[in-house]
file final-v5.pdb (PDB, C-alpha atoms and all ligand atoms)
ATOM      1  CA  MET A   1     -46.185  -3.580  47.771  1.00  0.00           C
ATOM      2  CA  LEU A   2     -44.772  -0.053  48.149  1.00  0.00           C
ATOM      3  CA  LYS A   3     -42.825  -1.194  51.225  1.00  0.00           C
ATOM      4  CA  TYR A   4     -41.428  -4.136  49.232  1.00  0.00           C
ATOM      5  CA  SER A   5     -40.279  -1.869  46.342  1.00  0.00           C
ATOM      6  CA  PHE A   6     -38.719   0.528  48.840  1.00  0.00           C
ATOM      7  CA  MET A   7     -36.729  -2.312  50.451  1.00  0.00           C
ATOM      8  CA  ILE A   8     -35.452  -3.475  47.053  1.00  0.00           C
ATOM      9  CA  ALA A   9     -34.423   0.081  46.116  1.00  0.00           C
ATOM     10  CA  LEU A  10     -32.684   0.435  49.478  1.00  0.00           C
ATOM     11  CA  TYR A  11     -30.764  -2.846  48.993  1.00  0.00           C
ATOM     12  CA  ILE A  12     -29.675  -1.756  45.494  1.00  0.00           C
ATOM     13  CA  ALA A  13     -28.547   1.665  46.759  1.00  0.00           C
ATOM     14  CA  CYS A  14     -26.609   0.088  49.664  1.00  0.00           C
ATOM     15  CA  GLY A  15     -25.019  -2.422  47.255  1.00  0.00           C
ATOM     16  CA  ALA A  16     -23.863   0.380  44.954  1.00  0.00           C
ATOM     17  CA  VAL A  17     -22.404   2.366  47.858  1.00  0.00           C
ATOM     18  CA  VAL A  18     -20.562  -0.699  49.193  1.00  0.00           C
ATOM     19  CA  LEU A  19     -19.201  -1.560  45.745  1.00  0.00           C
ATOM     20  CA  LEU A  20     -18.084   2.004  45.023  1.00  0.00           C
ATOM     21  CA  GLY A  21     -16.363   2.212  48.414  1.00  0.00           C
ATOM     22  CA  PHE A  22     -14.926  -1.290  48.057  1.00  0.00           C
ATOM     23  CA  THR A  23     -11.667  -0.389  46.287  1.00  0.00           C
ATOM     24  CA  ALA A  24     -10.929   2.403  48.752  1.00  0.00           C
ATOM     25  CA  PHE A  25      -9.753  -0.411  51.057  1.00  0.00           C
ATOM     26  CA  PHE A  26      -7.460  -1.846  48.385  1.00  0.00           C
ATOM     27  CA  GLY A  27      -6.295   1.281  46.549  1.00  0.00           C
ATOM     28  CA  ALA A  28      -7.720   4.401  44.968  1.00  0.00           C
ATOM     29  CA  PRO A  29     -11.409   5.182  45.444  1.00  0.00           C
ATOM     30  CA  TYR A  30     -13.397   5.910  42.321  1.00  0.00           C
ATOM     31  CA  VAL A  31     -12.914   9.448  41.007  1.00  0.00           C
ATOM     32  CA  PRO A  32     -12.862   9.779  37.215  1.00  0.00           C
ATOM     33  CA  SER A  33     -10.227  11.734  35.277  1.00  0.00           C
ATOM     34  CA  LYS A  34     -11.514  14.750  33.346  1.00  0.00           C
ATOM     35  CA  ASN A  35     -11.580  14.354  29.555  1.00  0.00           C
ATOM     36  CA  PRO A  36      -9.978  17.683  28.503  1.00  0.00           C
ATOM     37  CA  GLU A  37      -7.207  17.218  31.091  1.00  0.00           C
ATOM     38  CA  ILE A  38      -6.315  13.681  30.001  1.00  0.00           C
ATOM     39  CA  GLU A  39      -6.235  14.684  26.335  1.00  0.00           C
ATOM     40  CA  ARG A  40      -4.075  17.724  27.047  1.00  0.00           C
ATOM     41  CA  ALA A  41      -1.656  15.679  29.159  1.00  0.00           C
ATOM     42  CA  PHE A  42      -1.277  12.903  26.587  1.00  0.00           C
ATOM     43  CA  LYS A  43      -0.775  15.396  23.746  1.00  0.00           C
ATOM     44  CA  LYS A  44       1.939  17.123  25.755  1.00  0.00           C
ATOM     45  CA  LEU A  45       3.669  14.153  27.400  1.00  0.00           C
ATOM     46  CA  TYR A  46       3.019  11.129  25.207  1.00  0.00           C
ATOM     47  CA  PRO A  47       1.151  11.562  21.897  1.00  0.00           C
ATOM     48  CA  LEU A  48      -0.705   8.274  21.425  1.00  0.00           C
ATOM     49  CA  GLY A  49      -0.795   6.531  18.055  1.00  0.00           C
ATOM     50  CA  LYS A  50      -1.873   3.313  16.394  1.00  0.00           C
ATOM     51  CA  ASN A  51       1.319   1.479  17.496  1.00  0.00           C
ATOM     52  CA  ASP A  52       0.516   1.975  21.165  1.00  0.00           C
ATOM     53  CA  LEU A  53      -1.067  -0.390  23.644  1.00  0.00           C
ATOM     54  CA  LEU A  54      -2.146   1.579  26.696  1.00  0.00           C
ATOM     55  CA  ILE A  55      -3.037  -0.139  29.971  1.00  0.00           C
ATOM     56  CA  ASP A  56      -5.211   1.810  32.398  1.00  0.00           C
ATOM     57  CA  LEU A  57      -4.424   0.492  35.898  1.00  0.00           C
ATOM     58  CA  GLY A  58      -7.820   0.889  37.569  1.00  0.00           C
ATOM     59  CA  CYS A  59      -9.910   1.942  34.579  1.00  0.00           C
ATOM     60  CA  GLY A  60     -13.018   3.153  36.453  1.00  0.00           C
ATOM     61  CA  ASN A  61     -15.766   3.852  33.917  1.00  0.00           C
ATOM     62  CA  GLY A  62     -13.430   3.386  30.914  1.00  0.00           C
ATOM     63  CA  LYS A  63     -13.051   7.018  29.861  1.00  0.00           C
ATOM     64  CA  VAL A  64      -9.248   6.869  29.438  1.00  0.00           C
ATOM     65  CA  LEU A  65      -9.681   3.777  27.259  1.00  0.00           C
ATOM     66  CA  LYS A  66     -12.151   5.641  25.045  1.00  0.00           C
ATOM     67  CA  MET A  67      -9.784   8.607  24.764  1.00  0.00           C
ATOM     68  CA  ALA A  68      -6.917   6.268  23.703  1.00  0.00           C
ATOM     69  CA  SER A  69      -9.131   4.695  21.044  1.00  0.00           C
ATOM     70  CA  LYS A  70      -9.934   8.156  19.656  1.00  0.00           C
ATOM     71  CA  PHE A  71      -6.222   8.493  18.873  1.00  0.00           C
ATOM     72  CA  GLY A  72      -6.100   5.043  17.222  1.00  0.00           C
ATOM     73  CA  ALA A  73      -4.338   3.299  20.109  1.00  0.00           C
ATOM     74  CA  LYS A  74      -5.343  -0.077  21.516  1.00  0.00           C
ATOM     75  CA  SER A  75      -6.050  -0.215  25.224  1.00  0.00           C
ATOM     76  CA  ILE A  76      -6.790  -2.578  28.073  1.00  0.00           C
ATOM     77  CA  GLY A  77      -8.434  -1.530  31.321  1.00  0.00           C
ATOM     78  CA  ILE A  78      -7.868  -3.428  34.564  1.00  0.00           C
ATOM     79  CA  GLU A  79     -10.500  -2.879  37.242  1.00  0.00           C
ATOM     80  CA  LEU A  80     -10.904  -4.420  40.688  1.00  0.00           C
ATOM     81  CA  ASN A  81     -14.350  -3.072  41.475  1.00  0.00           C
ATOM     82  CA  PRO A  82     -16.996  -5.428  39.995  1.00  0.00           C
ATOM     83  CA  LEU A  83     -19.529  -2.637  39.436  1.00  0.00           C
ATOM     84  CA  LEU A  84     -17.051  -0.357  37.648  1.00  0.00           C
ATOM     85  CA  PHE A  85     -15.730  -3.323  35.661  1.00  0.00           C
ATOM     86  CA  LEU A  86     -19.269  -3.844  34.315  1.00  0.00           C
ATOM     87  CA  VAL A  87     -19.798  -0.121  33.637  1.00  0.00           C
ATOM     88  CA  SER A  88     -16.495   0.024  31.768  1.00  0.00           C
ATOM     89  CA  LYS A  89     -17.347  -3.116  29.762  1.00  0.00           C
ATOM     90  CA  LEU A  90     -20.726  -1.673  28.771  1.00  0.00           C
ATOM     91  CA  ARG A  91     -19.395   1.793  27.880  1.00  0.00           C
ATOM     92  CA  THR A  92     -16.668   0.386  25.625  1.00  0.00           C
ATOM     93  CA  ARG A  93     -18.581  -2.509  24.048  1.00  0.00           C
ATOM     94  CA  GLY A  94     -18.221  -2.744  20.288  1.00  0.00           C
ATOM     95  CA  ASP A  95     -14.916  -0.857  20.220  1.00  0.00           C
ATOM     96  CA  LYS A  96     -12.350  -3.297  18.798  1.00  0.00           C
ATOM     97  CA  ASN A  97      -9.450  -1.239  20.192  1.00  0.00           C
ATOM     98  CA  ILE A  98     -10.586  -1.739  23.781  1.00  0.00           C
ATOM     99  CA  SER A  99     -10.775  -4.615  26.202  1.00  0.00           C
ATOM    100  CA  VAL A 100     -11.539  -4.582  29.909  1.00  0.00           C
ATOM    101  CA  LYS A 101     -10.334  -7.138  32.447  1.00  0.00           C
ATOM    102  CA  PHE A 102     -11.483  -7.751  35.989  1.00  0.00           C
ATOM    103  CA  GLY A 103      -8.534  -7.975  38.383  1.00  0.00           C
ATOM    104  CA  ASP A 104      -5.936  -6.436  40.633  1.00  0.00           C
ATOM    105  CA  MET A 105      -3.364  -4.219  38.883  1.00  0.00           C
ATOM    106  CA  PHE A 106      -0.616  -5.571  41.169  1.00  0.00           C
ATOM    107  CA  ARG A 107      -1.289  -9.167  40.156  1.00  0.00           C
ATOM    108  CA  THR A 108      -1.796  -8.621  36.440  1.00  0.00           C
ATOM    109  CA  LYS A 109       0.909  -9.598  33.970  1.00  0.00           C
ATOM    110  CA  LEU A 110       1.220  -7.029  31.195  1.00  0.00           C
ATOM    111  CA  PRO A 111       0.976  -8.142  27.561  1.00  0.00           C
ATOM    112  CA  ALA A 112       4.275  -8.037  25.608  1.00  0.00           C
ATOM    113  CA  GLU A 113       2.913  -5.262  23.322  1.00  0.00           C
ATOM    114  CA  THR A 114       2.367  -2.819  26.222  1.00  0.00           C
ATOM    115  CA  THR A 115       3.940   0.575  25.504  1.00  0.00           C
ATOM    116  CA  VAL A 116       2.343   2.971  27.977  1.00  0.00           C
ATOM    117  CA  LEU A 117       0.431   2.793  31.252  1.00  0.00           C
ATOM    118  CA  TYR A 118      -1.918   5.248  32.898  1.00  0.00           C
ATOM    119  CA  VAL A 119      -2.792   5.430  36.555  1.00  0.00           C
ATOM    120  CA  PHE A 120      -4.907   7.748  38.683  1.00  0.00           C
ATOM    121  CA  GLY A 121      -4.465   6.336  42.141  1.00  0.00           C
ATOM    122  CA  VAL A 122      -3.564   7.448  45.610  1.00  0.00           C
ATOM    123  CA  GLU A 123      -0.162   8.749  46.665  1.00  0.00           C
ATOM    124  CA  ARG A 124       0.497   5.850  49.048  1.00  0.00           C
ATOM    125  CA  ASP A 125       0.410   3.436  46.049  1.00  0.00           C
ATOM    126  CA  GLY A 126       2.798   5.470  43.833  1.00  0.00           C
ATOM    127  CA  GLU A 127       5.969   3.655  44.883  1.00  0.00           C
ATOM    128  CA  ARG A 128       4.354   0.223  44.801  1.00  0.00           C
ATOM    129  CA  ILE A 129       3.083   0.820  41.258  1.00  0.00           C
ATOM    130  CA  LEU A 130       6.540   1.896  40.049  1.00  0.00           C
ATOM    131  CA  SER A 131       8.176  -1.188  41.641  1.00  0.00           C
ATOM    132  CA  HIS A 132       5.602  -3.479  40.063  1.00  0.00           C
ATOM    133  CA  LEU A 133       6.160  -1.886  36.640  1.00  0.00           C
ATOM    134  CA  GLU A 134       9.948  -2.144  36.998  1.00  0.00           C
ATOM    135  CA  SER A 135       9.692  -5.900  37.476  1.00  0.00           C
ATOM    136  CA  GLU A 136       7.223  -6.134  34.567  1.00  0.00           C
ATOM    137  CA  ALA A 137       9.598  -4.137  32.292  1.00  0.00           C
ATOM    138  CA  LYS A 138      12.387  -6.578  33.242  1.00  0.00           C
ATOM    139  CA  ARG A 139      10.171  -9.572  32.515  1.00  0.00           C
ATOM    140  CA  LEU A 140       9.057  -8.161  29.141  1.00  0.00           C
ATOM    141  CA  GLY A 141      12.583  -7.038  28.207  1.00  0.00           C
ATOM    142  CA  HIS A 142      11.591  -3.543  27.063  1.00  0.00           C
ATOM    143  CA  ASP A 143      11.135  -0.102  28.543  1.00  0.00           C
ATOM    144  CA  LEU A 144       7.682   1.183  29.535  1.00  0.00           C
ATOM    145  CA  THR A 145       6.241   4.654  30.067  1.00  0.00           C
ATOM    146  CA  LEU A 146       3.906   5.506  32.928  1.00  0.00           C
ATOM    147  CA  ILE A 147       1.644   8.545  32.892  1.00  0.00           C
ATOM    148  CA  SER A 148       0.583   9.038  36.461  1.00  0.00           C
ATOM    149  CA  TYR A 149      -2.117  11.484  37.510  1.00  0.00           C
ATOM    150  CA  ALA A 150      -1.763  12.755  41.060  1.00  0.00           C
ATOM    151  CA  THR A 151       0.082   9.568  42.026  1.00  0.00           C
ATOM    152  CA  PRO A 152       3.771  10.470  42.484  1.00  0.00           C
ATOM    153  CA  ALA A 153       6.263   7.842  43.661  1.00  0.00           C
ATOM    154  CA  LYS A 154       8.310   9.151  46.559  1.00  0.00           C
ATOM    155  CA  ASN A 155      11.584   7.381  45.658  1.00  0.00           C
ATOM    156  CA  HIS A 156      11.460   8.028  41.898  1.00  0.00           C
ATOM    157  CA  ARG A 157      11.992  11.336  40.162  1.00  0.00           C
ATOM    158  CA  PRO A 158       9.588  11.855  37.221  1.00  0.00           C
ATOM    159  CA  ASP A 159      11.207  12.344  33.795  1.00  0.00           C
ATOM    160  CA  ARG A 160       8.645  15.002  32.904  1.00  0.00           C
ATOM    161  CA  GLU A 161       5.763  16.799  34.567  1.00  0.00           C
ATOM    162  CA  PHE A 162       2.741  18.634  33.225  1.00  0.00           C
ATOM    163  CA  GLU A 163       0.017  20.058  35.447  1.00  0.00           C
ATOM    164  CA  ALA A 164      -0.767  17.216  37.910  1.00  0.00           C
ATOM    165  CA  TYR A 165       0.621  14.546  35.551  1.00  0.00           C
ATOM    166  CA  TYR A 166       3.976  12.801  35.963  1.00  0.00           C
ATOM    167  CA  LEU A 167       5.763  10.849  33.258  1.00  0.00           C
ATOM    168  CA  TYR A 168       8.101   8.062  34.361  1.00  0.00           C
ATOM    169  CA  LYS A 169      10.344   6.169  31.945  1.00  0.00           C
ATOM    170  CA  ILE A 170      10.638   2.661  33.342  1.00  0.00           C
ATOM    171  CA  LYS A 171      13.871   1.058  32.206  1.00  0.00           C
ATOM    172  CA  THR A 172      14.630  -2.651  32.067  1.00  0.00           C
ATOM    173  CA  GLN A 173      18.006  -1.833  33.806  1.00  0.00           C
TER     174      GLN A 173
HETATM  175  C1  LIG B   1      -9.300   7.407  40.757  1.00  0.00           C
HETATM  176  S1  LIG B   1     -10.133   6.109  39.878  1.00  0.00           S
HETATM  177  C2  LIG B   1      -9.528   6.369  38.220  1.00  0.00           C
HETATM  178  C3  LIG B   1     -10.397   5.760  37.144  1.00  0.00           C
HETATM  179  C4  LIG B   1      -9.882   5.988  35.710  1.00  0.00           C
HETATM  180  N1  LIG B   1      -8.558   5.458  35.523  1.00  0.00           N
HETATM  181  C5  LIG B   1      -9.881   7.451  35.379  1.00  0.00           C
HETATM  182  O1  LIG B   1      -8.785   8.043  35.379  1.00  0.00           O
HETATM  183  O2  LIG B   1     -10.962   7.998  35.129  1.00  0.00           O
HETATM  184  C6  LIG B   1      -9.175   4.690  40.425  1.00  0.00           C
HETATM  185  C7  LIG B   1      -9.732   3.352  39.991  1.00  0.00           C
HETATM  186  O3  LIG B   1      -8.810   2.319  40.330  1.00  0.00           O
HETATM  187  C8  LIG B   1      -9.543   1.184  40.792  1.00  0.00           C
HETATM  188  N2  LIG B   1      -8.611   0.383  41.616  1.00  0.00           N
HETATM  189  C9  LIG B   1      -8.140   0.688  42.860  1.00  0.00           C
HETATM  190  N3  LIG B   1      -7.252  -0.253  43.263  1.00  0.00           N
HETATM  191  C10 LIG B   1      -7.142  -1.156  42.238  1.00  0.00           C
HETATM  192  C11 LIG B   1      -6.365  -2.339  42.042  1.00  0.00           C
HETATM  193  N4  LIG B   1      -5.521  -2.795  42.980  1.00  0.00           N
HETATM  194  N5  LIG B   1      -6.498  -2.996  40.860  1.00  0.00           N
HETATM  195  C12 LIG B   1      -7.349  -2.563  39.905  1.00  0.00           C
HETATM  196  N6  LIG B   1      -8.124  -1.455  40.037  1.00  0.00           N
HETATM  197  C13 LIG B   1      -8.011  -0.749  41.185  1.00  0.00           C
HETATM  198  C14 LIG B   1     -10.735   1.788  41.527  1.00  0.00           C
HETATM  199  O4  LIG B   1     -11.803   0.889  41.614  1.00  0.00           O
HETATM  200  C15 LIG B   1     -11.050   2.998  40.640  1.00  0.00           C
HETATM  201  O5  LIG B   1     -11.962   2.657  39.616  1.00  0.00           O
END
call {"tool": "encode", "arguments": {"input": "final-v5.pdb", "output": "structure tokens"}}
result
Amino acid sequence: MLKYSFMIALYIACGAVVLLGFTAFFGAPYVPSKNPEIERAFKKLYPLGKNDLLIDLGCGNGKVLKMASKFGAKSIGIELNPLLFLVSKLRTRGDKNISVKFGDMFRTKLPAETTVLYVFGVERDGERILSHLESEAKRLGHDLTLISYATPAKNHRPDREFEAYYLYKIKTQ
């Protein structure tokens, strides 16, 4: 019986490790932003308000979504990792300002009301994210703002910087 319980626990632990490592193959691994840092950066670079719809590209455990809601903004999290998608869903349940979607940020069409995006990814994805958002801004017909944490795009100069955060204004052109 003890051996059986041990095997189950081992399978669960291996499953969690595989799921947490899963997105490292596709994009950023899971490392959460720190609450005081996100709040400070948004206050400085882009004060959120009730007219904003923030999209967190790779929302992890949903903490950026919860921070946005605290400032009255609506938010949508997109998450590719099934385990983190569930964690995010559970942590934000009951909050009418927040929804969480399972999917790939590069294949997701942004809602027309999107005003600002947040990403904490890996440097190699910085340029790809900017290109994707440029085509989305064109499709939507309005400018977008990206707050990027530690994810600079090598061919784009940020409009503003604060600590490890970069603000990019994405024009429809
Ligand atoms: C560094 S964590 C940041 C989590 C959260 N945004 C935060 O700041 O606390 C990056 C997240 O992006 C997710 N991710 C990586 N590639 C993705 C993709 N192509 N589409 C959606 N989510 C992705 C990972 O699973 C991970 O949860």
call {"tool": "closest_residue", "arguments": {"input": "final-v5.pdb", "among": "A:Pro158, A:Gly72, A:Pro47, A:Gly121", "to": "ligand LIG 1 (chain B)", "atoms": "only C-alpha atoms and all ligand atoms"}}
result
A:Gly121
call {"tool": "residues_near_ligand", "arguments": {"input": "final-v5.pdb", "ligand": "ligand LIG 1 (chain B)", "cutoff": "10 Å", "atoms": "all atoms listed in the file", "output": "ChimeraX atom specification"}}
result
/A:19-35,38,55-65,77-85,88,101-108,118-122,125,129,148-151
call {"tool": "closest_residue", "arguments": {"input": "final-v5.pdb", "among": "A:His132, A:Lys96, A:Arg139, A:Lys89", "to": "Ala112 of chain A", "atoms": "only C-alpha atoms"}}
result
A:Arg139
call {"tool": "closest_residue", "arguments": {"input": "final-v5.pdb", "among": "A:Ser75, A:Ser131, A:Ser69, A:Thr145", "to": "Ile170 of chain A", "atoms": "all atoms listed in the file"}}
result
A:Thr145
call {"tool": "closest_residue", "arguments": {"input": "final-v5.pdb", "among": "A:Leu140, A:Val116, A:Ala73, A:Arg124", "to": "Tyr168 of chain A", "atoms": "all atoms listed in the file"}}
result
A:Val116
call {"tool": "atom_distance", "arguments": {"input": "final-v5.pdb", "atom1": "atom CA of Phe71 of chain A", "atom2": "atom CA of Val100 of chain A"}}
result
17.9 Å
call {"tool": "closest_residue", "arguments": {"input": "final-v5.pdb", "among": "A:Leu144, A:Leu48, A:Leu110, A:Leu130", "to": "His156 of chain A", "atoms": "all atoms listed in the file"}}
result
A:Leu130
call {"tool": "closest_residue", "arguments": {"input": "final-v5.pdb", "among": "A:Ile98, A:Pro111, A:Tyr46, A:Arg93", "to": "Lys70 of chain A", "atoms": "all atoms listed in the file"}}
result
A:Ile98
call {"tool": "axis_aligned_box", "arguments": {"input": "final-v5.pdb", "around": "segment 126-133 of chain A", "padding_each_side": "8 Å", "output": "lines of an AutoDock Vina configuration file"}}
result
center_x = 5.5
center_y = 1.0
center_z = 40.8
size_x = 21.4
size_y = 24.9
size_z = 24.2
call {"tool": "atom_distance", "arguments": {"input": "final-v5.pdb", "atom1": "atom CA of Thr114 of chain A", "atom2": "atom CA of Asp52 of chain A"}}
result
7.2 Å
call {"tool": "atom_distance", "arguments": {"input": "final-v5.pdb", "atom1": "atom CA of Ser135 of chain A", "atom2": "atom CA of Lys169 of chain A"}}
result
13.3 Å
